[in-house]
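Structure file entry-v1.cif (mmCIF, C-alpha atoms) follows.
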data_upload
loop_
_atom_site.label_atom_id
_atom_site.label_comp_id
_atom_site.auth_asym_id
_atom_site.auth_seq_id
_atom_site.Cartn_x
_atom_site.Cartn_y
_atom_site.Cartn_z
CA MET A 1 49.71 69.90 118.58
CA TYR A 2 51.15 66.42 118.84
CA ARG A 3 50.37 63.18 117.12
CA ASP A 4 49.64 61.75 120.60
CA ASP A 5 46.65 64.12 121.03
CA PHE A 6 45.00 62.79 117.90
CA ALA A 7 45.78 59.16 118.75
CA ALA A 8 44.46 59.64 122.31
CA ALA A 9 41.21 61.17 121.01
CA GLN A 10 40.79 58.30 118.57
CA ALA A 11 41.36 55.72 121.32
CA ARG A 12 38.87 57.49 123.56
CA LEU A 13 36.30 57.53 120.77
CA GLU A 14 36.72 53.80 120.21
CA THR A 15 36.37 53.07 123.93
CA ILE A 16 33.16 55.08 124.21
CA GLN A 17 31.72 53.44 121.09
CA ARG A 18 32.51 50.02 122.52
CA ASP A 19 30.96 50.87 125.92
CA LEU A 20 27.86 52.26 124.23
CA ALA A 21 27.46 49.19 122.03
CA THR A 22 27.85 46.94 125.07
CA ALA A 23 25.33 48.93 127.08
CA GLN A 24 22.79 48.84 124.24
CA SER A 25 23.27 45.21 123.26
CA GLN A 26 23.08 43.79 126.78
CA GLY A 27 19.74 45.43 127.42
CA VAL A 28 20.96 47.73 130.10
CA GLN A 29 18.01 49.62 131.40
CA ASP A 30 20.02 52.54 132.71
CA GLN A 31 18.96 55.13 130.16
CA GLN A 32 20.89 57.82 132.01
CA HIS A 33 24.15 55.86 131.47
CA ILE A 34 23.39 55.44 127.75
CA ALA A 35 22.58 59.13 127.42
CA MET A 36 25.84 60.06 129.13
CA LEU A 37 27.84 57.80 126.80
CA THR A 38 26.04 59.23 123.78
CA HIS A 39 26.89 62.75 124.94
CA GLN A 40 30.56 61.79 125.48
CA LEU A 41 30.65 60.23 122.02
CA ALA A 42 29.41 63.40 120.39
CA ALA A 43 31.89 65.54 122.32
CA THR A 44 34.81 63.28 121.42
CA GLN A 45 33.83 63.22 117.74
CA GLN A 46 33.76 67.01 117.77
CA ALA A 47 37.19 67.20 119.42
CA LEU A 48 38.57 64.76 116.86
CA GLN A 49 37.24 66.87 113.99
CA GLN A 50 38.89 69.98 115.48
CA LEU A 51 42.21 68.18 115.84
CA GLY A 52 41.97 66.92 112.26
CA GLY A 53 41.28 70.43 111.00
CA ARG A 54 44.27 71.84 112.84
CA MET A 55 46.48 69.12 111.43
CA GLN A 56 45.42 69.99 107.90
CA GLN A 57 46.21 73.67 108.55
CA MET A 58 49.68 72.81 109.81
CA GLN A 59 50.21 70.48 106.89
CA GLY A 60 49.58 73.41 104.58
CA ALA A 61 51.94 75.65 106.54
CA TYR A 62 54.91 73.24 106.63
CA GLY A 63 54.24 71.19 103.53
CA GLY A 64 55.06 68.04 105.43
CA TYR A 65 52.98 66.07 107.84
CA GLY A 66 51.94 69.05 109.95
CA GLY A 67 53.73 68.17 113.15
CA MET A 68 53.38 64.49 112.34
CA TYR A 69 56.72 63.91 110.68
CA GLN A 70 57.64 60.44 109.56
CA LEU A 71 60.72 60.25 111.76
CA PRO A 72 61.41 61.53 115.28
CA SER A 73 63.94 64.34 115.65
CA ARG A 74 67.40 63.38 116.91
CA HIS A 75 68.94 66.84 117.04
CA SER A 76 69.45 66.76 120.83
CA THR A 77 71.22 63.39 120.56
CA VAL A 78 73.55 64.83 117.93
CA LEU A 79 74.28 67.88 120.07
CA VAL A 80 74.97 65.81 123.21
CA LEU A 81 77.31 63.51 121.28
CA GLY A 82 79.07 66.49 119.73
CA ILE A 83 79.68 68.20 123.05
CA LEU A 84 80.82 64.95 124.69
CA SER A 85 83.20 64.32 121.79
CA LEU A 86 84.94 67.61 122.56
CA VAL A 87 84.93 67.35 126.35
CA VAL A 88 85.06 63.68 127.35
CA CYS A 89 85.71 61.20 124.56
CA SER A 90 86.78 62.21 121.07
CA ALA A 91 85.81 58.75 119.79
CA LEU A 92 82.24 60.03 119.80
CA GLY A 93 83.19 62.63 117.16
CA PRO A 94 82.56 60.43 114.10
CA PHE A 95 79.19 59.51 115.60
CA ALA A 96 78.16 63.14 116.03
CA TRP A 97 79.37 63.90 112.52
CA SER A 98 77.61 60.97 110.89
CA MET A 99 74.34 61.34 112.82
CA GLY A 100 74.37 65.12 112.31
CA SER A 101 74.68 64.70 108.56
CA GLU A 102 71.92 62.13 108.51
CA GLU A 103 69.69 64.39 110.62
CA LEU A 104 70.25 67.37 108.32
CA ARG A 105 69.48 65.19 105.32
CA ARG A 106 66.20 64.17 106.97
CA ILE A 107 65.35 67.79 107.75
CA ASP A 108 66.04 68.85 104.16
CA GLY A 109 63.90 65.96 102.94
CA GLY A 110 60.98 66.99 105.17
CA LEU A 111 61.13 63.70 107.08
CA THR A 112 61.66 65.32 110.47
CA SER A 113 61.00 68.65 112.16
CA PRO A 114 63.13 71.58 110.98
CA ASP A 115 63.20 73.00 114.53
CA GLY A 116 66.36 71.06 115.36
CA ARG A 117 68.46 72.25 112.42
CA GLY A 118 70.65 74.51 114.59
CA SER A 119 71.33 71.82 117.18
CA ALA A 120 72.08 69.23 114.51
CA GLN A 121 74.50 71.60 112.78
CA ALA A 122 76.19 72.48 116.08
CA GLY A 123 76.58 68.80 116.99
CA ARG A 124 77.97 68.02 113.56
CA VAL A 125 80.51 70.85 113.80
CA CYS A 126 81.63 69.59 117.24
CA GLY A 127 82.08 66.13 115.71
CA ILE A 128 84.09 67.57 112.81
CA ILE A 129 86.34 69.48 115.22
CA SER A 130 87.04 66.47 117.45
CA SER A 131 87.69 64.24 114.42
CA SER A 132 90.05 66.85 112.97
CA LEU A 133 91.90 67.03 116.29
CA LEU A 134 92.38 63.26 116.07
CA VAL A 135 94.02 63.64 112.67
CA LEU A 136 96.33 66.34 114.05
CA VAL A 137 97.30 64.11 116.99
CA LEU A 138 97.99 61.23 114.62
CA VAL A 139 100.23 63.37 112.44
CA PHE A 140 102.08 64.55 115.54
CA MET A 141 102.52 60.98 116.80
CA MET A 142 103.77 59.67 113.47
CA PHE A 143 106.24 62.54 113.41
CA ALA A 144 107.38 61.66 116.96
CA MET A 145 107.76 57.97 116.06
CA VAL A 146 109.77 58.72 112.92
CA LEU A 147 111.97 61.12 114.89
CA GLY A 148 112.45 58.55 117.64
CA ALA A 149 113.36 55.81 115.14
CA SER A 150 115.86 58.01 113.27
CA SER A 151 117.54 59.19 116.49
CA ARG A 152 118.14 55.57 117.58
CA ARG A 153 120.09 54.79 114.40
CA MET B 1 72.78 70.02 98.94
CA ALA B 2 72.69 66.28 98.38
CA ARG B 3 76.33 66.37 97.36
CA THR B 4 77.28 68.17 100.59
CA HIS B 5 75.48 65.51 102.63
CA ARG B 6 77.28 62.80 100.71
CA ILE B 7 80.68 64.41 101.31
CA HIS B 8 79.96 64.68 105.05
CA ASP B 9 78.75 61.08 105.15
CA VAL B 10 81.91 59.77 103.49
CA ALA B 11 84.14 61.95 105.69
CA ALA B 12 82.45 60.72 108.88
CA ARG B 13 82.94 57.13 107.75
CA LEU B 14 86.61 57.86 107.06
CA ALA B 15 86.97 59.37 110.55
CA ALA B 16 85.40 56.25 112.05
CA ALA B 17 87.73 54.05 110.01
CA LEU B 18 90.66 56.14 111.23
CA TRP B 19 89.55 55.69 114.83
CA ALA B 20 89.17 51.93 114.41
CA SER B 21 92.62 51.83 112.78
CA CYS B 22 94.08 53.69 115.76
CA ILE B 23 92.65 51.15 118.19
CA LEU B 24 93.91 48.24 116.11
CA PHE B 25 97.28 49.96 115.73
CA GLY B 26 97.53 50.33 119.52
CA LEU B 27 96.80 46.63 119.96
CA ALA B 28 99.36 45.77 117.25
CA VAL B 29 102.04 47.95 118.87
CA GLY B 30 101.34 46.24 122.19
CA ALA B 31 101.64 42.84 120.53
CA ALA B 32 104.63 43.33 118.27
CA GLY B 33 106.06 46.81 118.78
CA SER B 34 109.40 47.56 120.37
CA ALA B 35 109.59 49.03 123.85
CA ALA B 36 110.59 52.38 122.35
CA THR B 37 107.55 52.43 120.06
CA GLN B 38 105.27 51.50 122.92
CA GLY B 39 106.83 54.23 125.02
CA THR B 40 106.29 56.79 122.27
CA LEU B 41 102.67 55.75 121.92
CA VAL B 42 101.79 55.89 125.60
CA ASN B 43 103.91 58.92 126.50
CA ASP B 44 103.52 61.10 123.41
CA GLY B 45 100.06 59.82 122.60
CA PRO B 46 96.85 61.80 122.64
CA GLY B 47 96.46 63.58 125.96
CA CYS B 48 93.14 64.01 127.69
CA PRO B 49 91.79 67.55 127.19
CA LEU B 50 89.63 67.32 130.31
CA ARG B 51 92.60 66.31 132.45
CA ALA B 52 94.74 69.02 130.91
CA VAL B 53 92.19 71.69 131.81
CA THR B 54 90.74 70.48 135.12
CA GLY B 55 93.31 67.99 136.43
CA LEU B 56 90.56 65.40 136.77
CA PRO B 57 90.65 62.16 134.76
CA CYS B 58 87.89 61.56 132.23
CA PRO B 59 85.96 58.25 132.15
CA PHE B 60 88.34 56.89 129.53
CA CYS B 61 91.68 58.08 130.92
CA GLY B 62 94.19 55.21 130.81
CA MET B 63 92.74 53.63 127.70
CA THR B 64 95.90 54.17 125.60
CA HIS B 65 98.04 52.37 128.19
CA ALA B 66 95.36 49.68 128.56
CA THR B 67 95.14 49.12 124.80
CA VAL B 68 98.88 48.62 124.46
CA ALA B 69 98.91 46.33 127.50
CA LEU B 70 96.00 44.31 126.12
CA GLY B 71 97.77 43.95 122.78
CA GLY B 72 100.73 42.48 124.61
CA GLY B 73 98.49 40.08 126.48
CA HIS B 74 99.04 41.76 129.85
CA TRP B 75 95.44 41.58 131.02
CA ARG B 76 96.13 42.41 134.64
CA ASP B 77 98.08 45.55 133.73
CA ALA B 78 95.36 46.56 131.27
CA LEU B 79 92.64 46.21 133.89
CA GLY B 80 94.80 48.22 136.25
CA PHE B 81 94.97 51.09 133.77
CA HIS B 82 91.23 50.91 133.11
CA PRO B 83 88.92 48.36 134.74
CA LEU B 84 86.66 48.10 131.70
CA ALA B 85 89.35 48.29 129.02
CA PRO B 86 88.40 45.10 127.07
CA LEU B 87 84.73 46.08 127.10
CA VAL B 88 85.44 49.67 126.02
CA ILE B 89 87.73 48.54 123.18
CA ALA B 90 85.19 45.99 121.92
CA ALA B 91 82.36 48.54 122.15
CA MET B 92 84.39 51.21 120.34
CA LEU B 93 85.32 48.86 117.51
CA ALA B 94 81.69 47.75 117.18
CA LEU B 95 80.42 51.34 117.16
CA MET B 96 83.00 52.43 114.57
CA ALA B 97 82.01 49.46 112.41
CA MET B 98 78.38 50.61 112.68
CA ILE B 99 79.33 54.07 111.37
CA ILE B 100 81.39 52.61 108.54
CA ILE B 101 78.49 50.44 107.34
CA GLY B 102 76.07 53.40 107.63
CA ARG B 103 74.19 52.37 110.76
CA SER B 104 75.11 55.32 112.96
CA ASP B 105 71.53 55.59 114.22
CA VAL B 106 72.18 52.59 116.45
CA LEU B 107 72.81 54.90 119.43
CA SER B 108 69.63 56.90 119.08
CA ARG B 109 67.16 54.02 119.05
CA GLY B 110 64.88 53.74 122.05
CA ARG B 111 66.57 54.86 125.23
CA ARG B 112 70.03 53.51 124.42
CA LEU B 113 71.87 56.81 124.60
CA PRO B 114 70.64 57.76 128.12
CA TRP B 115 71.65 54.29 129.36
CA ILE B 116 75.08 54.53 127.75
CA LEU B 117 75.65 58.04 129.10
CA GLY B 118 74.49 56.88 132.54
CA ALA B 119 76.97 53.98 132.44
CA ILE B 120 79.81 56.33 131.41
CA GLY B 121 78.84 58.68 134.26
CA ALA B 122 78.81 55.79 136.73
CA ILE B 123 82.29 54.69 135.57
CA TRP B 124 83.52 58.23 135.93
CA VAL B 125 82.15 58.71 139.44
CA ALA B 126 83.52 55.33 140.52
CA ARG B 127 86.99 56.17 139.17
CA LEU B 128 86.95 59.53 140.93
CA VAL B 129 85.59 58.26 144.27
CA ILE B 130 87.29 54.86 144.74
CA PRO B 131 90.87 56.26 144.85
CA LEU B 132 89.81 58.54 147.71
CA PHE B 133 89.20 55.46 149.87
CA THR B 134 92.02 53.23 148.65
CA SER B 135 94.90 55.71 148.80
#
Just give me the structure as structure tokens.
Amino acid sequence: MYRDDFAAAQARLETIQRDLATAQSQGVQDQQHIAMLTHQLAATQQALQQLGGRMQQMQGAYGGYGGMYQLPSRHSTVLVLGILSLVVCSALGPFAWSMGSEELRRIDGGLTSPDGRGSAQAGRVCGIISSSLLVLVLVFMMFAMVLGASSRR
Amino acid sequence: MARTHRIHDVAARLAAALWASCILFGLAVGAAGSAATQGTLVNDGPGCPLRAVTGLPCPFCGMTHATVALGGGHWRDALGFHPLAPLVIAAMLALMAMIIIGRSDVLSRGRRLPWILGAIGAIWVARLVIPLFTS
């Protein structure tokens, strides 16, 4: 279940209530239309109650917001950045590392869905590897520069 | 657990600072380094893993040469090595600064990442296709 389902049901309920109030206040004589709106209102209220009940169940199961976490999950972003840092541009490595750590902190804090833990960890590891490769390259280059400078003397 | 997160956070910021230092170092070598130092940097510098494996240039191939050329004020040479070199360098420095100050979520807001990845893909395709018609 998604937060959008609940929000959509609430919006629908408000629309029907507004239409019904308009139809009743303006003296519309079409009783069939009013009856149809009343029926829709009852059905929507029932659907909303069911959605609310399911949310409470999920809240009990996960201890968080029951599928309605405070923050959206970014695990796929972290994974994409991590893979790109290894394949295309190692400058993205620190990003994958930093965002992966932040995402795991949010998961541990119950702020976002725990489903993306594996992806976030994988992205973070890719970022760590590409950043470590940068350090190795730097060490190699400094060595080459020192060697080059000493050989010119 | 919190301590582990903190260690990773600090390490990622250090990596970003290292990257930004590398870019600034490349510009400094281009501006004030000897020809031998510049040669060491561009010839013995970090190779492209994608090019090493596939033989195809990545979207950022040529950026080391372009950075050194830009540092020396040779804009035309820099744009020859990479047509978007000034933009890429400025964007990289800005992004690294964002990580260092703890705002790494800047890429994941809204639909920024798909747009950025699309732009990188477009640069890549253009760099692969244009030489086929100009050579």
Exercise for review: Give the residues of chain B that lie within 6 Å of chain A; count all atoms listed in the file, and format the answer as a VMD selection string.
Suggested key: chain B and resid 9 12 15 to 16
Evaluate the PyMOL selection byres ((chain B and resi 57) around 12) and record the selected residues as a tab-separated table (two decimals) with C-alpha atoms, keeping the file's coordinate frame, following the chain and residue labels used in the document.
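Contents of out_36.tsv, freshly written:
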chain	number	residue	atom	x	y	z
A	87	VAL	CA	84.93	67.35	126.35
A	88	VAL	CA	85.06	63.68	127.35
A	89	CYS	CA	85.71	61.20	124.56
B	47	GLY	CA	96.46	63.58	125.96
B	48	CYS	CA	93.14	64.01	127.69
B	49	PRO	CA	91.79	67.55	127.19
B	50	LEU	CA	89.63	67.32	130.31
B	51	ARG	CA	92.60	66.31	132.45
B	52	ALA	CA	94.74	69.02	130.91
B	53	VAL	CA	92.19	71.69	131.81
B	54	THR	CA	90.74	70.48	135.12
B	55	GLY	CA	93.31	67.99	136.43
B	56	LEU	CA	90.56	65.40	136.77
B	58	CYS	CA	87.89	61.56	132.23
B	59	PRO	CA	85.96	58.25	132.15
B	60	PHE	CA	88.34	56.89	129.53
B	61	CYS	CA	91.68	58.08	130.92
B	62	GLY	CA	94.19	55.21	130.81
B	63	MET	CA	92.74	53.63	127.70
B	81	PHE	CA	94.97	51.09	133.77
B	82	HIS	CA	91.23	50.91	133.11
B	123	ILE	CA	82.29	54.69	135.57
B	124	TRP	CA	83.52	58.23	135.93
B	125	VAL	CA	82.15	58.71	139.44
B	126	ALA	CA	83.52	55.33	140.52
B	127	ARG	CA	86.99	56.17	139.17
B	128	LEU	CA	86.95	59.53	140.93
B	129	VAL	CA	85.59	58.26	144.27
B	131	PRO	CA	90.87	56.26	144.85
Revision key, fill the gap. Closest of B:Gly80, B:Gly30, B:Gly102, B:Gly110 to Arg13 (chain B), counting all atoms listed in the file, is B:Gly102
Point to revise | Result set, the PyMOL selection byres ((chain B and resi 97) around 12) on current file, as a list in words | key: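 So the PyMOL selection byres ((chain B and resi 97) around 12) ends up selecting Pro94 and Phe95 of chain A; Ala12, Arg13, Leu14, Ala15, Ala16, Ala17, Leu18, Trp19, Ala20, Ser21, Ala90, Ala91, Met92, Leu93, Ala94, Leu95, Met96, Met98, Ile99, Ile100, Ile101, Gly102, Arg103, Ser104 and Val106 of chain B.
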Exercise for review: Work out how far CA of Arg111 (chain B) is from CA of Arg12 (chain A), in Å to one decimal.
Suggested key: 27.9 Å
Check your understanding: Contacts of Ser76 (chain A) at 8 Å or less, counting all atoms listed in the file, minus same-chain residues fewer than 5 places along, as JSON, numbers by chain?
Key -> {"A": [116, 119, 120]}
Revision key, fill the gap. From CA of His33 (chain A) to CA of Ile16 (chain A) the spacing works out at 11.6 Å
**Study point:** Picked residues, the PyMOL selection byres ((chain A and resi 45) around 12), as a PyMOL selection string
**Key:** chain A and resi 6+9-14+16-17+38-44+46-52
Check your understanding: What does the distance from CA of Ile107 (chain A) to CA of Arg112 (chain B) come to in Å, to one decimal?
Key -> 22.4 Å
Exercise for review: Please identify all polymer residues lying at most 7 Å from the point (59.2, 63.0, 111.9) (file coordinates), using all atoms listed in the file, and present the result as a VMD selection string.
Suggested key: chain A and resid 68 to 73 111 to 113
Complete region 95-113 of chain B at the level of N, CA, C and O atoms, written as a PDB file, in the coordinates of the input.
ATOM      1  N   LEU B  95      81.090  50.086 117.517  1.00  0.00           N
ATOM      2  CA  LEU B  95      80.420  51.340 117.160  1.00  0.00           C
ATOM      3  C   LEU B  95      81.017  51.948 115.892  1.00  0.00           C
ATOM      4  O   LEU B  95      80.299  52.459 115.028  1.00  0.00           O
ATOM      5  N   MET B  96      82.356  51.897 115.784  1.00  0.00           N
ATOM      6  CA  MET B  96      83.000  52.430 114.570  1.00  0.00           C
ATOM      7  C   MET B  96      82.576  51.616 113.338  1.00  0.00           C
ATOM      8  O   MET B  96      82.350  52.166 112.260  1.00  0.00           O
ATOM      9  N   ALA B  97      82.456  50.298 113.528  1.00  0.00           N
ATOM     10  CA  ALA B  97      82.010  49.460 112.410  1.00  0.00           C
ATOM     11  C   ALA B  97      80.588  49.850 111.997  1.00  0.00           C
ATOM     12  O   ALA B  97      80.262  49.862 110.800  1.00  0.00           O
ATOM     13  N   MET B  98      79.756  50.193 112.981  1.00  0.00           N
ATOM     14  CA  MET B  98      78.380  50.610 112.680  1.00  0.00           C
ATOM     15  C   MET B  98      78.371  51.878 111.820  1.00  0.00           C
ATOM     16  O   MET B  98      77.569  52.024 110.897  1.00  0.00           O
ATOM     17  N   ILE B  99      79.267  52.831 112.172  1.00  0.00           N
ATOM     18  CA  ILE B  99      79.330  54.070 111.370  1.00  0.00           C
ATOM     19  C   ILE B  99      79.788  53.748 109.955  1.00  0.00           C
ATOM     20  O   ILE B  99      79.227  54.234 108.978  1.00  0.00           O
ATOM     21  N   ILE B 100      80.807  52.896 109.866  1.00  0.00           N
ATOM     22  CA  ILE B 100      81.390  52.610 108.540  1.00  0.00           C
ATOM     23  C   ILE B 100      80.343  51.958 107.631  1.00  0.00           C
ATOM     24  O   ILE B 100      80.281  52.251 106.434  1.00  0.00           O
ATOM     25  N   ILE B 101      79.492  51.100 108.197  1.00  0.00           N
ATOM     26  CA  ILE B 101      78.490  50.440 107.340  1.00  0.00           C
ATOM     27  C   ILE B 101      77.200  51.264 107.232  1.00  0.00           C
ATOM     28  O   ILE B 101      76.207  50.815 106.676  1.00  0.00           O
ATOM     29  N   GLY B 102      77.223  52.507 107.804  1.00  0.00           N
ATOM     30  CA  GLY B 102      76.070  53.400 107.630  1.00  0.00           C
ATOM     31  C   GLY B 102      74.934  53.160 108.594  1.00  0.00           C
ATOM     32  O   GLY B 102      73.784  53.457 108.271  1.00  0.00           O
ATOM     33  N   ARG B 103      75.237  52.606 109.769  1.00  0.00           N
ATOM     34  CA  ARG B 103      74.190  52.370 110.760  1.00  0.00           C
ATOM     35  C   ARG B 103      74.438  53.207 112.014  1.00  0.00           C
ATOM     36  O   ARG B 103      74.388  52.695 113.124  1.00  0.00           O
ATOM     37  N   SER B 104      74.756  54.487 111.820  1.00  0.00           N
ATOM     38  CA  SER B 104      75.110  55.320 112.960  1.00  0.00           C
ATOM     39  C   SER B 104      73.915  55.627 113.860  1.00  0.00           C
ATOM     40  O   SER B 104      74.080  56.160 114.950  1.00  0.00           O
ATOM     41  N   ASP B 105      72.706  55.310 113.396  1.00  0.00           N
ATOM     42  CA  ASP B 105      71.530  55.590 114.220  1.00  0.00           C
ATOM     43  C   ASP B 105      71.353  54.565 115.336  1.00  0.00           C
ATOM     44  O   ASP B 105      70.387  54.632 116.087  1.00  0.00           O
ATOM     45  N   VAL B 106      72.304  53.652 115.451  1.00  0.00           N
ATOM     46  CA  VAL B 106      72.180  52.590 116.450  1.00  0.00           C
ATOM     47  C   VAL B 106      72.128  53.157 117.869  1.00  0.00           C
ATOM     48  O   VAL B 106      71.501  52.577 118.761  1.00  0.00           O
ATOM     49  N   LEU B 107      72.787  54.316 118.074  1.00  0.00           N
ATOM     50  CA  LEU B 107      72.810  54.900 119.430  1.00  0.00           C
ATOM     51  C   LEU B 107      71.515  55.598 119.785  1.00  0.00           C
ATOM     52  O   LEU B 107      71.209  55.767 120.961  1.00  0.00           O
ATOM     53  N   SER B 108      70.785  56.047 118.785  1.00  0.00           N
ATOM     54  CA  SER B 108      69.630  56.900 119.080  1.00  0.00           C
ATOM     55  C   SER B 108      68.333  56.118 119.160  1.00  0.00           C
ATOM     56  O   SER B 108      67.277  56.694 119.376  1.00  0.00           O
ATOM     57  N   ARG B 109      68.389  54.813 118.981  1.00  0.00           N
ATOM     58  CA  ARG B 109      67.160  54.020 119.050  1.00  0.00           C
ATOM     59  C   ARG B 109      66.719  53.841 120.495  1.00  0.00           C
ATOM     60  O   ARG B 109      67.550  53.574 121.363  1.00  0.00           O
ATOM     61  N   GLY B 110      65.433  53.966 120.708  1.00  0.00           N
ATOM     62  CA  GLY B 110      64.880  53.740 122.050  1.00  0.00           C
ATOM     63  C   GLY B 110      65.534  54.649 123.076  1.00  0.00           C
ATOM     64  O   GLY B 110      65.695  55.840 122.840  1.00  0.00           O
ATOM     65  N   ARG B 111      65.938  54.077 124.180  1.00  0.00           N
ATOM     66  CA  ARG B 111      66.570  54.860 125.230  1.00  0.00           C
ATOM     67  C   ARG B 111      68.020  54.403 125.419  1.00  0.00           C
ATOM     68  O   ARG B 111      68.557  54.394 126.539  1.00  0.00           O
ATOM     69  N   ARG B 112      68.657  54.025 124.312  1.00  0.00           N
ATOM     70  CA  ARG B 112      70.030  53.510 124.420  1.00  0.00           C
ATOM     71  C   ARG B 112      70.998  54.588 124.883  1.00  0.00           C
ATOM     72  O   ARG B 112      71.837  54.340 125.742  1.00  0.00           O
ATOM     73  N   LEU B 113      70.889  55.773 124.281  1.00  0.00           N
ATOM     74  CA  LEU B 113      71.870  56.810 124.600  1.00  0.00           C
ATOM     75  C   LEU B 113      71.832  57.203 126.074  1.00  0.00           C
ATOM     76  O   LEU B 113      72.891  57.294 126.705  1.00  0.00           O
TER      77      LEU B 113
END
